[in-house]
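upload.txt (compact mmCIF, C-alpha atoms and all ligand atoms)
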# COMPACT_ATOMS: atom_id res chain seq x y z
CA MET A 1 0.00 0.00 0.00
CA ILE A 2 1.36 3.35 -1.06
CA ILE A 3 0.81 6.79 0.45
CA ASN A 4 0.66 10.11 -1.41
CA GLN A 5 -2.06 8.66 -3.63
CA TRP A 6 -5.75 9.32 -4.13
CA TYR A 7 -8.08 6.51 -3.04
CA VAL A 8 -11.85 6.32 -3.23
CA ALA A 9 -13.06 6.19 0.37
CA ALA A 10 -16.84 6.04 -0.11
CA ASP A 11 -19.79 6.68 -2.36
CA SER A 12 -20.91 10.32 -2.17
CA THR A 13 -24.28 9.17 -0.85
CA GLU A 14 -22.66 7.42 2.12
CA VAL A 15 -21.23 10.65 3.51
CA THR A 16 -23.75 12.95 5.16
CA ALA A 17 -24.03 15.82 7.64
CA ALA A 18 -26.25 13.65 9.86
CA ALA A 19 -23.65 11.21 11.21
CA PRO A 20 -19.95 10.51 10.70
CA ALA A 21 -18.98 7.44 8.65
CA LYS A 22 -16.04 5.25 9.58
CA VAL A 23 -13.97 3.65 6.80
CA ARG A 24 -10.84 1.54 6.75
CA LEU A 25 -8.24 2.43 4.11
CA CYS A 26 -4.71 1.03 3.88
CA GLY A 27 -5.20 -0.77 7.19
CA LEU A 28 -6.09 2.40 9.13
CA ASP A 29 -9.39 3.98 10.14
CA PHE A 30 -10.74 7.31 8.92
CA THR A 31 -13.85 9.35 9.65
CA LEU A 32 -15.82 10.94 6.82
CA PHE A 33 -18.52 13.57 7.24
CA ARG A 34 -20.07 16.68 5.69
CA ASP A 35 -19.96 20.10 7.29
CA ALA A 36 -22.92 22.47 7.49
CA ALA A 37 -22.15 23.73 3.95
CA GLY A 38 -22.30 20.17 2.59
CA ARG A 39 -18.55 19.86 1.98
CA ALA A 40 -17.12 16.40 2.53
CA HIS A 41 -14.16 15.93 4.89
CA CYS A 42 -11.88 13.07 5.88
CA ILE A 43 -10.00 13.01 9.18
CA SER A 44 -8.02 10.37 11.05
CA ASP A 45 -10.38 8.29 13.21
CA VAL A 46 -8.35 8.13 16.43
CA CYS A 47 -9.15 10.83 18.98
CA VAL A 48 -5.93 12.34 20.36
CA HIS A 49 -7.41 12.57 23.88
CA ARG A 50 -7.91 8.93 24.86
CA GLY A 51 -8.04 7.17 21.53
CA ALA A 52 -11.80 6.77 21.05
CA SER A 53 -13.10 6.24 17.52
CA LEU A 54 -14.39 9.53 16.08
CA GLY A 55 -16.39 7.65 13.45
CA GLU A 56 -18.49 6.24 16.28
CA GLY A 57 -19.36 9.76 17.43
CA ARG A 58 -22.08 12.14 16.35
CA MET A 59 -22.35 15.39 14.40
CA GLU A 60 -22.67 18.65 16.27
CA LYS A 61 -22.82 21.99 14.37
CA GLY A 62 -20.91 20.62 11.36
CA CYS A 63 -18.20 19.07 13.58
CA VAL A 64 -17.60 15.49 14.68
CA GLU A 65 -18.14 15.02 18.39
CA CYS A 66 -16.00 12.30 19.98
CA PRO A 67 -18.24 9.70 21.66
CA TYR A 68 -16.03 9.52 24.79
CA HIS A 69 -15.67 13.04 26.25
CA GLY A 70 -17.34 15.14 23.58
CA TRP A 71 -14.38 16.97 22.07
CA GLN A 72 -15.48 18.48 18.76
CA PHE A 73 -13.36 18.28 15.58
CA ASP A 74 -13.87 20.42 12.48
CA GLY A 75 -13.13 19.48 8.86
CA ALA A 76 -9.51 20.66 9.19
CA GLY A 77 -9.08 18.19 12.05
CA ASN A 78 -8.84 20.91 14.72
CA VAL A 79 -10.57 20.60 18.08
CA VAL A 80 -12.94 23.55 18.41
CA ARG A 81 -14.49 22.65 21.76
CA ILE A 82 -13.49 20.68 24.86
CA PRO A 83 -16.63 20.51 26.98
CA SER A 84 -14.79 19.77 30.25
CA LEU A 85 -12.80 23.02 30.05
CA PRO A 86 -14.28 26.33 31.20
CA ALA A 87 -15.18 28.47 28.17
CA GLU A 88 -12.29 30.93 28.58
CA THR A 89 -9.59 28.21 28.64
CA PRO A 90 -7.66 28.11 25.36
CA ILE A 91 -7.69 24.85 23.40
CA PRO A 92 -4.24 23.19 23.38
CA LYS A 93 -2.38 23.53 20.06
CA ARG A 94 -1.93 19.77 19.81
CA ALA A 95 -5.66 19.14 20.04
CA ARG A 96 -5.96 18.16 16.38
CA VAL A 97 -5.96 15.13 14.11
CA ASP A 98 -4.72 14.75 10.53
CA SER A 99 -7.18 15.90 7.88
CA TYR A 100 -6.88 14.79 4.27
CA PRO A 101 -7.76 16.53 0.99
CA VAL A 102 -11.07 15.41 -0.52
CA ILE A 103 -12.47 15.62 -4.07
CA GLU A 104 -15.94 14.44 -5.02
CA ARG A 105 -16.13 13.04 -8.53
CA TYR A 106 -18.11 10.39 -10.45
CA GLY A 107 -20.33 9.96 -7.40
CA TRP A 108 -17.39 8.99 -5.20
CA ILE A 109 -15.40 10.59 -2.38
CA TRP A 110 -11.69 10.61 -3.34
CA VAL A 111 -9.29 11.12 -0.45
CA PHE A 112 -5.62 12.01 -0.77
CA LEU A 113 -3.77 9.87 1.76
CA GLY A 114 -0.49 11.70 2.09
CA ASP A 115 1.17 15.01 2.85
CA LEU A 116 2.10 16.40 -0.57
CA PRO A 117 1.19 20.04 -1.22
CA GLU A 118 -1.64 20.54 -3.72
CA ALA A 119 0.62 21.31 -6.70
CA GLU A 120 2.43 17.97 -6.34
CA ARG A 121 -0.66 15.77 -6.06
CA PRO A 122 -1.49 13.62 -9.07
CA PRO A 123 -4.64 14.32 -11.10
CA LEU A 124 -7.71 12.07 -10.99
CA PRO A 125 -8.43 9.89 -14.03
CA ASP A 126 -10.69 11.30 -16.74
CA PHE A 127 -14.02 9.63 -17.37
CA PRO A 128 -15.80 11.91 -19.87
CA GLU A 129 -18.51 9.35 -20.66
CA TYR A 130 -19.80 9.64 -17.08
CA ALA A 131 -21.23 13.14 -17.54
CA ASP A 132 -22.27 12.61 -21.17
CA THR A 133 -25.69 11.29 -20.29
CA ALA A 134 -27.09 12.10 -23.75
CA ASN A 135 -24.92 9.40 -25.30
CA TRP A 136 -24.06 7.04 -22.47
CA ARG A 137 -26.01 5.01 -19.97
CA THR A 138 -24.19 4.12 -16.74
CA ILE A 139 -24.81 1.63 -13.97
CA ARG A 140 -22.69 1.19 -10.86
CA GLY A 141 -21.92 -1.23 -8.07
CA ASP A 142 -19.40 -2.69 -5.64
CA TRP A 143 -17.26 -5.77 -5.38
CA HIS A 144 -15.38 -7.01 -2.31
CA TRP A 145 -12.29 -9.17 -2.64
CA ARG A 146 -10.09 -11.08 -0.23
CA ALA A 147 -7.09 -10.07 -2.29
CA ASN A 148 -4.44 -7.39 -2.56
CA TYR A 149 -5.52 -4.39 -4.63
CA ALA A 150 -2.43 -4.41 -6.88
CA ARG A 151 -3.13 -8.01 -7.86
CA ILE A 152 -6.66 -6.94 -8.78
CA VAL A 153 -5.52 -4.02 -10.95
CA GLU A 154 -3.01 -6.30 -12.65
CA ASN A 155 -5.76 -8.80 -13.38
CA GLY A 156 -7.65 -6.04 -15.17
CA LEU A 157 -4.58 -5.24 -17.29
CA ASP A 158 -3.93 -8.86 -18.12
CA PHE A 159 -4.85 -9.48 -21.77
CA SER A 160 -4.09 -13.16 -21.87
CA HIS A 161 -6.41 -14.43 -19.13
CA ALA A 162 -9.69 -13.60 -20.89
CA PRO A 163 -9.98 -16.75 -23.05
CA PHE A 164 -9.44 -18.94 -19.98
CA VAL A 165 -11.26 -17.07 -17.25
CA HIS A 166 -13.98 -15.29 -19.25
CA PRO A 167 -15.08 -17.73 -21.94
CA SER A 168 -17.76 -15.34 -23.25
CA PHE A 169 -15.03 -12.78 -24.00
CA GLY A 170 -12.25 -14.83 -25.47
CA ASP A 171 -11.76 -18.09 -27.29
CA ARG A 172 -9.20 -20.51 -25.79
CA ASP A 173 -8.33 -21.83 -29.22
CA ARG A 174 -7.44 -18.34 -30.44
CA ALA A 175 -5.67 -17.02 -27.40
CA GLU A 176 -2.60 -15.53 -28.93
CA ILE A 177 -2.02 -11.82 -28.42
CA HIS A 178 -0.59 -9.94 -31.36
CA ASP A 179 1.80 -7.05 -31.02
CA PHE A 180 0.50 -4.04 -29.17
CA GLU A 181 1.81 -0.62 -28.30
CA ILE A 182 1.75 0.71 -24.79
CA GLU A 183 0.90 4.39 -24.57
CA GLN A 184 2.06 5.97 -21.33
CA ASP A 185 1.87 9.30 -19.58
CA ALA A 186 2.93 10.40 -16.13
CA TRP A 187 0.18 8.56 -14.22
CA SER A 188 -1.38 6.07 -16.58
CA ALA A 189 -0.86 3.66 -19.45
CA ARG A 190 -3.06 1.85 -21.97
CA ALA A 191 -2.79 -0.62 -24.82
CA LYS A 192 -5.24 -1.81 -27.45
CA VAL A 193 -5.61 -5.46 -28.42
CA THR A 194 -7.94 -7.48 -30.63
CA TYR A 195 -9.89 -10.55 -29.56
CA ILE A 196 -11.79 -13.06 -31.59
CA PRO A 197 -14.68 -13.78 -29.26
CA PRO A 198 -16.96 -16.79 -29.39
CA LEU A 199 -20.44 -16.16 -30.82
CA PRO A 200 -22.53 -14.06 -28.46
CA ARG A 201 -25.58 -15.41 -26.70
CA GLY A 202 -28.89 -13.89 -25.53
CA ILE A 203 -29.83 -10.37 -26.56
CA TRP A 204 -26.22 -9.64 -27.51
CA LYS A 205 -26.77 -11.79 -30.58
CA LEU A 206 -28.60 -8.81 -32.08
CA MET A 207 -25.34 -7.03 -32.23
CA ARG A 208 -22.90 -9.54 -33.55
CA LYS A 209 -23.86 -12.51 -35.65
CA GLU A 210 -20.35 -13.45 -36.66
CA ARG A 211 -17.04 -13.94 -34.97
CA THR A 212 -15.94 -10.43 -35.79
CA PRO A 213 -12.88 -9.19 -33.95
CA VAL A 214 -13.51 -7.12 -30.84
CA GLN A 215 -11.16 -4.31 -29.86
CA ALA A 216 -10.33 -3.96 -26.20
CA GLN A 217 -8.23 -1.36 -24.44
CA PRO A 218 -7.35 -1.91 -20.79
CA SER A 219 -5.70 0.99 -18.99
CA PHE A 220 -4.69 1.98 -15.49
CA HIS A 221 -4.35 5.24 -13.62
CA LEU A 222 -2.40 5.30 -10.37
CA SER A 223 -4.98 7.59 -8.74
CA GLY A 224 -7.63 5.42 -7.15
CA ALA A 225 -5.74 2.35 -8.42
CA THR A 226 -8.15 2.80 -11.31
CA MET A 227 -8.62 0.20 -14.01
CA ARG A 228 -10.52 1.17 -17.12
CA LEU A 229 -11.49 -1.28 -19.82
CA ASP A 230 -12.82 0.00 -23.14
CA VAL A 231 -14.43 -2.58 -25.42
CA TRP A 232 -15.59 -1.83 -28.96
CA LEU A 233 -18.01 -4.62 -29.76
CA THR A 234 -18.61 -3.14 -33.21
CA SER A 235 -17.26 0.01 -34.82
CA SER A 236 -19.85 2.08 -32.97
CA TRP A 237 -20.93 -0.02 -29.95
CA HIS A 238 -18.61 0.93 -27.20
CA MET A 239 -18.65 -0.01 -23.53
CA VAL A 240 -16.44 1.06 -20.64
CA ILE A 241 -15.88 -0.56 -17.28
CA PHE A 242 -14.28 1.99 -14.96
CA ASP A 243 -13.32 0.71 -11.54
CA VAL A 244 -11.45 2.06 -8.56
CA ASN A 245 -9.73 -0.40 -6.24
CA THR A 246 -9.37 0.73 -2.66
CA PRO A 247 -7.05 -1.20 -0.35
CA VAL A 248 -9.05 -1.78 2.83
CA ASP A 249 -5.88 -3.42 4.06
CA GLU A 250 -3.12 -5.52 2.57
CA THR A 251 -5.38 -8.44 1.63
CA ARG A 252 -8.85 -6.92 1.32
CA THR A 253 -10.02 -4.66 -1.49
CA HIS A 254 -13.21 -2.70 -2.03
CA THR A 255 -13.80 -2.17 -5.74
CA ARG A 256 -16.36 0.35 -6.91
CA TRP A 257 -17.30 0.10 -10.55
CA ILE A 258 -19.21 2.06 -13.15
CA MET A 259 -20.18 0.44 -16.42
CA ALA A 260 -21.01 2.81 -19.29
CA ARG A 261 -22.50 1.79 -22.63
CA ASN A 262 -23.46 3.82 -25.69
CA PHE A 263 -25.90 1.18 -27.02
CA PHE A 264 -29.01 -0.45 -25.52
CA ARG A 265 -29.29 2.73 -23.48
CA HIS A 266 -32.79 1.99 -22.23
CA PRO A 267 -32.86 1.20 -18.47
CA LEU A 268 -34.53 -2.07 -19.43
CA PHE A 269 -31.10 -3.38 -20.36
CA ASP A 270 -29.49 -2.39 -17.04
CA GLY A 271 -30.22 -5.73 -15.40
CA ASP A 272 -28.50 -7.66 -18.17
CA SER A 273 -25.48 -5.31 -18.15
CA ARG A 274 -25.19 -5.65 -14.38
CA ARG A 275 -25.36 -9.44 -14.51
CA ARG A 276 -22.64 -9.55 -17.16
CA THR A 277 -20.39 -7.18 -15.24
CA LEU A 278 -20.81 -9.08 -11.98
CA LYS A 279 -20.15 -12.36 -13.74
CA ILE A 280 -16.78 -11.03 -14.92
CA PHE A 281 -15.89 -10.04 -11.34
CA ALA A 282 -17.00 -13.44 -10.04
CA GLN A 283 -14.88 -15.24 -12.62
CA ASP A 284 -11.82 -13.12 -11.76
CA THR A 285 -12.38 -13.65 -8.02
CA GLN A 286 -12.04 -17.41 -8.40
CA ILE A 287 -8.49 -16.90 -9.61
CA VAL A 288 -7.27 -13.74 -7.93
CA GLU A 289 -8.20 -14.68 -4.37
CA LYS A 290 -6.01 -17.77 -4.67
CA ILE A 291 -2.86 -16.21 -6.14
CA CYS A 292 0.31 -17.01 -4.18
CA PRO A 293 1.82 -14.89 -2.77
CA GLU A 294 -1.10 -12.61 -2.01
CA ILE A 295 0.92 -9.47 -2.65
CA VAL A 296 3.02 -8.73 -5.74
CA PRO A 297 6.58 -9.80 -4.89
CA THR A 298 9.02 -6.93 -4.34
CA ASP A 299 11.56 -8.77 -6.44
CA LEU A 300 9.75 -9.04 -9.76
CA ARG A 301 12.09 -11.80 -10.92
CA GLU A 302 10.17 -14.10 -8.61
CA GLU A 303 7.47 -14.34 -11.31
CA LEU A 304 8.10 -15.01 -14.98
CA SER A 305 6.67 -12.45 -17.42
CA VAL A 306 6.20 -12.79 -21.16
CA LYS A 307 5.54 -10.24 -23.87
CA SER A 308 1.75 -10.28 -23.49
CA ASP A 309 2.19 -9.16 -19.85
CA GLY A 310 3.50 -5.78 -21.05
CA LEU A 311 0.73 -3.59 -19.66
CA MET A 312 0.80 -5.27 -16.24
CA ASN A 313 4.53 -4.74 -16.21
CA ALA A 314 4.09 -1.05 -16.99
CA PHE A 315 1.88 -0.86 -13.89
CA ARG A 316 4.47 -2.75 -11.83
CA GLN A 317 7.13 -0.36 -13.04
CA ARG A 318 5.09 2.71 -12.03
CA ARG A 319 4.35 1.28 -8.61
CA ARG A 320 7.98 0.46 -8.18
CA GLU A 321 8.90 4.10 -8.80
CA LEU A 322 6.50 5.17 -6.05
CA ILE A 323 7.90 2.54 -3.68
CA GLU A 324 11.43 3.74 -4.45
CA ARG A 325 10.42 7.26 -3.52
CA GLY A 326 9.84 5.91 -0.03
CA TRP A 327 6.03 5.97 -0.18
CA ALA A 328 5.23 2.31 0.53
CA ILE A 329 3.86 1.49 3.96
CA ASP A 330 6.08 -1.02 5.73
CA VAL A 331 3.22 -3.41 6.50
CA ASP A 332 5.22 -5.81 8.66
CA MET A 333 6.29 -2.92 10.88
CA LEU A 334 2.80 -1.47 10.83
CA ARG A 335 1.29 -4.75 12.00
CA HIS A 336 3.85 -4.99 14.77
CA HIS A 337 3.12 -1.44 15.96
CA ILE A 338 -0.63 -1.42 15.80
CA ASP A 339 -1.32 -4.79 17.38
CA GLY A 340 -2.91 -3.06 20.32
CA LYS A 341 0.26 -1.14 21.09
CA ARG A 342 0.06 2.11 19.23
CA ALA A 343 -2.17 4.25 17.04
CA LEU A 344 -0.47 5.38 13.85
CA VAL A 345 -1.62 7.71 11.09
CA ILE A 346 -0.80 8.59 7.51
CA PRO A 347 0.82 12.06 7.44
CA SER A 348 -1.39 14.88 6.13
CA PRO A 349 -0.43 18.14 4.35
CA ALA A 350 -0.91 20.24 7.52
CA ARG A 351 1.49 17.96 9.37
CA ARG A 352 4.15 18.52 6.73
CA GLU A 353 3.58 22.29 6.81
CA SER A 354 4.13 22.34 10.56
CA GLN A 355 7.02 19.85 10.29
CA GLY A 356 5.15 17.46 12.53
CA ARG A 357 4.92 19.91 15.42
CA ASN A 358 1.58 20.02 17.19
CA PHE A 359 0.59 16.48 16.26
CA VAL A 360 0.17 13.86 18.95
CA LEU A 361 0.17 10.57 17.02
CA LYS A 362 3.15 9.12 15.17
CA THR A 363 3.06 8.35 11.45
CA VAL A 364 3.08 4.95 9.77
CA PRO A 365 6.43 3.26 9.09
CA LEU A 366 7.50 3.50 5.43
CA LEU A 367 9.92 1.38 3.44
CA PRO A 368 13.17 3.29 2.89
CA PRO A 369 13.54 5.19 -0.40
CA ARG A 370 15.88 3.82 -3.03
CA ALA A 371 18.73 6.20 -2.19
CA GLU A 372 18.80 4.83 1.36
CA ILE A 373 18.64 1.21 0.21
CA ALA A 374 21.69 1.90 -1.99
CA LEU A 375 23.54 3.44 0.97
CA GLN A 376 22.65 0.51 3.23
CA SER A 377 23.86 -2.09 0.78
CA ALA A 378 27.06 -0.11 0.18
CA ALA A 379 27.69 -0.14 3.93
CA GLN A 380 27.23 -3.92 4.20
FE1 LIG B 401 -12.12 11.64 22.47
FE2 LIG B 401 -11.79 11.84 25.08
S1 LIG B 401 -11.27 10.23 23.80
S2 LIG B 401 -12.78 13.21 23.76
CO CO B 402 -10.71 -10.77 -15.78
So, in terms of structure tokens, how does the structure I just supplied come out?
Ligand code: FES
Ligand code: CO
Amino acid sequence: MIINQWYVAADSTEVTAAAPAKVRLCGLDFTLFRDAAGRAHCISDVCVHRGASLGEGRMEKGCVECPYHGWQFDGAGNVVRIPSLPAETPIPKRARVDSYPVIERYGWIWVFLGDLPEAERPPLPDFPEYADTANWRTIRGDWHWRANYARIVENGLDFSHAPFVHPSFGDRDRAEIHDFEIEQDAWSARAKVTYIPPLPRGIWKLMRKERTPVQAQPSFHLSGATMRLDVWLTSSWHMVIFDVNTPVDETRTHTRWIMARNFFRHPLFDGDSRRRTLKIFAQDTQIVEKICPEIVPTDLREELSVKSDGLMNAFRQRRRELIERGWAIDVDMLRHHIDGKRALVIPSPARRESQGRNFVLKTVPLLPPRAEIALQSAAQ
């Protein structure tokens, strides 16, 4: 799990001004809520007074009230009221928790888990079809996996599994992948391939009567650990599966998906689209939940890649760069620390601005950046 990234923490509809919502992201707990103006906020869940869970509290005048002694926290994470202190007593400077940047987009709450200043934060992935309701029909849903989120994104970028795992998509007797180009930019990459699918069944027969090639373009964006799959079933019938993969912890992932289609736009066809989308997830789950090891090995030579794995490898490469910057959570250390011993948090931008002064809790252990690894091995 990597910090200084955007992750989707909730559906917009789950976050209200009526009660705080508690979510687990990257193995830690966070509290989401809306202030009186309707703006969504995300703060660390652990109260700095005696460690109660703020997400179990209640809302009071646009602030979260801790369920234990009633301290009130605003959207910036600052305590604005300590009920046990006489009104004229100043609030201690360290009475605050980390608060994380939030963007609402595509019906989701995106949270930036890290301390980078705004100008250095990555963009969110584009999804122009989402707002283009005149031409696209969208449906949405969730999927929960007992698997590591990077394995799940890789599965979505994996061209060569379709004929074996999704028999309605690919034909096992025509499984070879021809040359493809990987297009990359700073945060994402994509590649287009052609499949020869088996003959369609059900209502989809209307669309394709022959084994005409289908174009597919999987892509990833590091923000949200987003996987987007474009499929052109004919020259004009285009569908998109756009999913964000949030690490609940190292081995549990909450995927939120939106499926957009520019054909069969009548809501009558939603049920069929949903069934097909969920079937794909169910087929992938059978495989992905049983991959060994559960997390992608740090030493990539411990798995053998071939040419058709190119897009997955581009994703691995990008993640590796982030890990080498020193942004990967050291999960073994984290587990050791938080097993009832200590509350830890992901550093927020305000913490960086104040150089960690005025914050009570310590931050999560991170794997050393590449420069330090080089120094350590030179010293050995
Ligand atoms: Fe939160 Fe005391 S533990 S107010
Ligand atoms: Co699949």
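Every protein, DNA or RNA residue with an atom at most 8 Å from Glu129 of chain A, where all atoms listed in the file count and chain neighbours fewer than 6 positions away do not, is listed here: Asn135, Trp136 and Ala260 of chain A.
Between atom CA of Pro368 of chain A and atom CA of Thr253 of chain A there is a distance of 24.9 Å.
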Choose the residue, out of A:Thr251, A:Thr133, A:Ser305, A:Ser168, that has the smallest atom-to-atom separation from Val288 of chain A; count only C-alpha atoms.
-> A:Thr251
Could you list, as a CSV table (one decimal) with C-alpha atoms, in the frame of the given file, all protein and nucleic acid residues with an atom at most 8 Å from ligand CO 402 (chain B), counting all atoms listed in the file?
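Produced file out_20.csv, reproduced below:
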chain,number,residue,atom,x,y,z
A,155,ASN,CA,-5.8,-8.8,-13.4
A,156,GLY,CA,-7.6,-6.0,-15.2
A,158,ASP,CA,-3.9,-8.9,-18.1
A,161,HIS,CA,-6.4,-14.4,-19.1
A,162,ALA,CA,-9.7,-13.6,-20.9
A,165,VAL,CA,-11.3,-17.1,-17.2
A,166,HIS,CA,-14.0,-15.3,-19.2
A,280,ILE,CA,-16.8,-11.0,-14.9
A,281,PHE,CA,-15.9,-10.0,-11.3
A,283,GLN,CA,-14.9,-15.2,-12.6
A,284,ASP,CA,-11.8,-13.1,-11.8
Counting all atoms listed in the file, name the residues that have an atom within 8 Å of an atom of ligand LIG 401 (chain B); the answer should be given as a VMD selection string.
-> chain A and resid 46 to 54 65 to 72 82
Atom CA of Asp29 of chain A to atom CA of Ala343 of chain A: how many Å, to one decimal?
-> 10.0 Å
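Atom to atom, atom CA of Lys279 of chain A and atom CA of Asp179 of chain A stand 28.4 Å apart.
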Contacts of Glu289 of chain A within 8 Å, all atoms listed in the file, excl. fewer than 2 positions in-chain, as a PyMOL selection string = chain A and resi 145-147+285-287+291+294
Shell of 12 Å around Leu229 of chain A, only C-alpha atoms, local chain residues under 5 positions omitted, as a ChimeraX atom specification | /A:127,153,155-159,189-193,215-221,238-244,257-261,277
If I only have part of segment 57-71 of chain A, can you fill in N, CA, C and O atoms and write it as a PDB file, in the frame of the given file?
ATOM      1  N   GLY A  57     -18.764   8.611  16.739  1.00  0.00           N
ATOM      2  CA  GLY A  57     -19.360   9.760  17.430  1.00  0.00           C
ATOM      3  C   GLY A  57     -20.588  10.277  16.721  1.00  0.00           C
ATOM      4  O   GLY A  57     -21.238   9.567  15.960  1.00  0.00           O
ATOM      5  N   ARG A  58     -20.900  11.549  16.979  1.00  0.00           N
ATOM      6  CA  ARG A  58     -22.080  12.140  16.350  1.00  0.00           C
ATOM      7  C   ARG A  58     -21.701  13.505  15.772  1.00  0.00           C
ATOM      8  O   ARG A  58     -20.617  14.022  16.048  1.00  0.00           O
ATOM      9  N   MET A  59     -22.614  14.072  14.994  1.00  0.00           N
ATOM     10  CA  MET A  59     -22.350  15.390  14.400  1.00  0.00           C
ATOM     11  C   MET A  59     -22.957  16.453  15.306  1.00  0.00           C
ATOM     12  O   MET A  59     -24.054  16.294  15.851  1.00  0.00           O
ATOM     13  N   GLU A  60     -22.206  17.538  15.452  1.00  0.00           N
ATOM     14  CA  GLU A  60     -22.670  18.650  16.270  1.00  0.00           C
ATOM     15  C   GLU A  60     -22.208  19.932  15.572  1.00  0.00           C
ATOM     16  O   GLU A  60     -21.011  20.168  15.471  1.00  0.00           O
ATOM     17  N   LYS A  61     -23.131  20.724  15.055  1.00  0.00           N
ATOM     18  CA  LYS A  61     -22.820  21.990  14.370  1.00  0.00           C
ATOM     19  C   LYS A  61     -21.727  21.814  13.305  1.00  0.00           C
ATOM     20  O   LYS A  61     -20.734  22.561  13.254  1.00  0.00           O
ATOM     21  N   GLY A  62     -21.865  20.806  12.455  1.00  0.00           N
ATOM     22  CA  GLY A  62     -20.910  20.620  11.360  1.00  0.00           C
ATOM     23  C   GLY A  62     -19.570  20.035  11.784  1.00  0.00           C
ATOM     24  O   GLY A  62     -18.647  19.930  10.985  1.00  0.00           O
ATOM     25  N   CYS A  63     -19.432  19.685  13.076  1.00  0.00           N
ATOM     26  CA  CYS A  63     -18.200  19.070  13.580  1.00  0.00           C
ATOM     27  C   CYS A  63     -18.499  17.651  14.048  1.00  0.00           C
ATOM     28  O   CYS A  63     -19.641  17.322  14.374  1.00  0.00           O
ATOM     29  N   VAL A  64     -17.433  16.826  14.112  1.00  0.00           N
ATOM     30  CA  VAL A  64     -17.600  15.490  14.680  1.00  0.00           C
ATOM     31  C   VAL A  64     -17.367  15.575  16.179  1.00  0.00           C
ATOM     32  O   VAL A  64     -16.350  16.120  16.623  1.00  0.00           O
ATOM     33  N   GLU A  65     -18.296  15.030  16.934  1.00  0.00           N
ATOM     34  CA  GLU A  65     -18.140  15.020  18.390  1.00  0.00           C
ATOM     35  C   GLU A  65     -17.685  13.637  18.827  1.00  0.00           C
ATOM     36  O   GLU A  65     -18.343  12.634  18.544  1.00  0.00           O
ATOM     37  N   CYS A  66     -16.537  13.582  19.505  1.00  0.00           N
ATOM     38  CA  CYS A  66     -16.000  12.300  19.980  1.00  0.00           C
ATOM     39  C   CYS A  66     -16.995  11.675  20.955  1.00  0.00           C
ATOM     40  O   CYS A  66     -17.530  12.354  21.838  1.00  0.00           O
ATOM     41  N   PRO A  67     -17.225  10.349  20.811  1.00  0.00           N
ATOM     42  CA  PRO A  67     -18.240   9.700  21.660  1.00  0.00           C
ATOM     43  C   PRO A  67     -17.812   9.570  23.124  1.00  0.00           C
ATOM     44  O   PRO A  67     -18.645   9.295  23.985  1.00  0.00           O
ATOM     45  N   TYR A  68     -16.512   9.808  23.432  1.00  0.00           N
ATOM     46  CA  TYR A  68     -16.030   9.520  24.790  1.00  0.00           C
ATOM     47  C   TYR A  68     -16.179  10.717  25.733  1.00  0.00           C
ATOM     48  O   TYR A  68     -16.831  10.634  26.758  1.00  0.00           O
ATOM     49  N   HIS A  69     -15.569  11.872  25.376  1.00  0.00           N
ATOM     50  CA  HIS A  69     -15.670  13.040  26.250  1.00  0.00           C
ATOM     51  C   HIS A  69     -16.152  14.283  25.512  1.00  0.00           C
ATOM     52  O   HIS A  69     -16.004  15.403  25.989  1.00  0.00           O
ATOM     53  N   GLY A  70     -16.658  14.061  24.284  1.00  0.00           N
ATOM     54  CA  GLY A  70     -17.340  15.140  23.580  1.00  0.00           C
ATOM     55  C   GLY A  70     -16.480  16.205  22.938  1.00  0.00           C
ATOM     56  O   GLY A  70     -16.984  17.269  22.571  1.00  0.00           O
ATOM     57  N   TRP A  71     -15.186  15.977  22.790  1.00  0.00           N
ATOM     58  CA  TRP A  71     -14.380  16.970  22.070  1.00  0.00           C
ATOM     59  C   TRP A  71     -14.918  17.072  20.642  1.00  0.00           C
ATOM     60  O   TRP A  71     -15.294  16.057  20.036  1.00  0.00           O
TER      61      TRP A  71
END
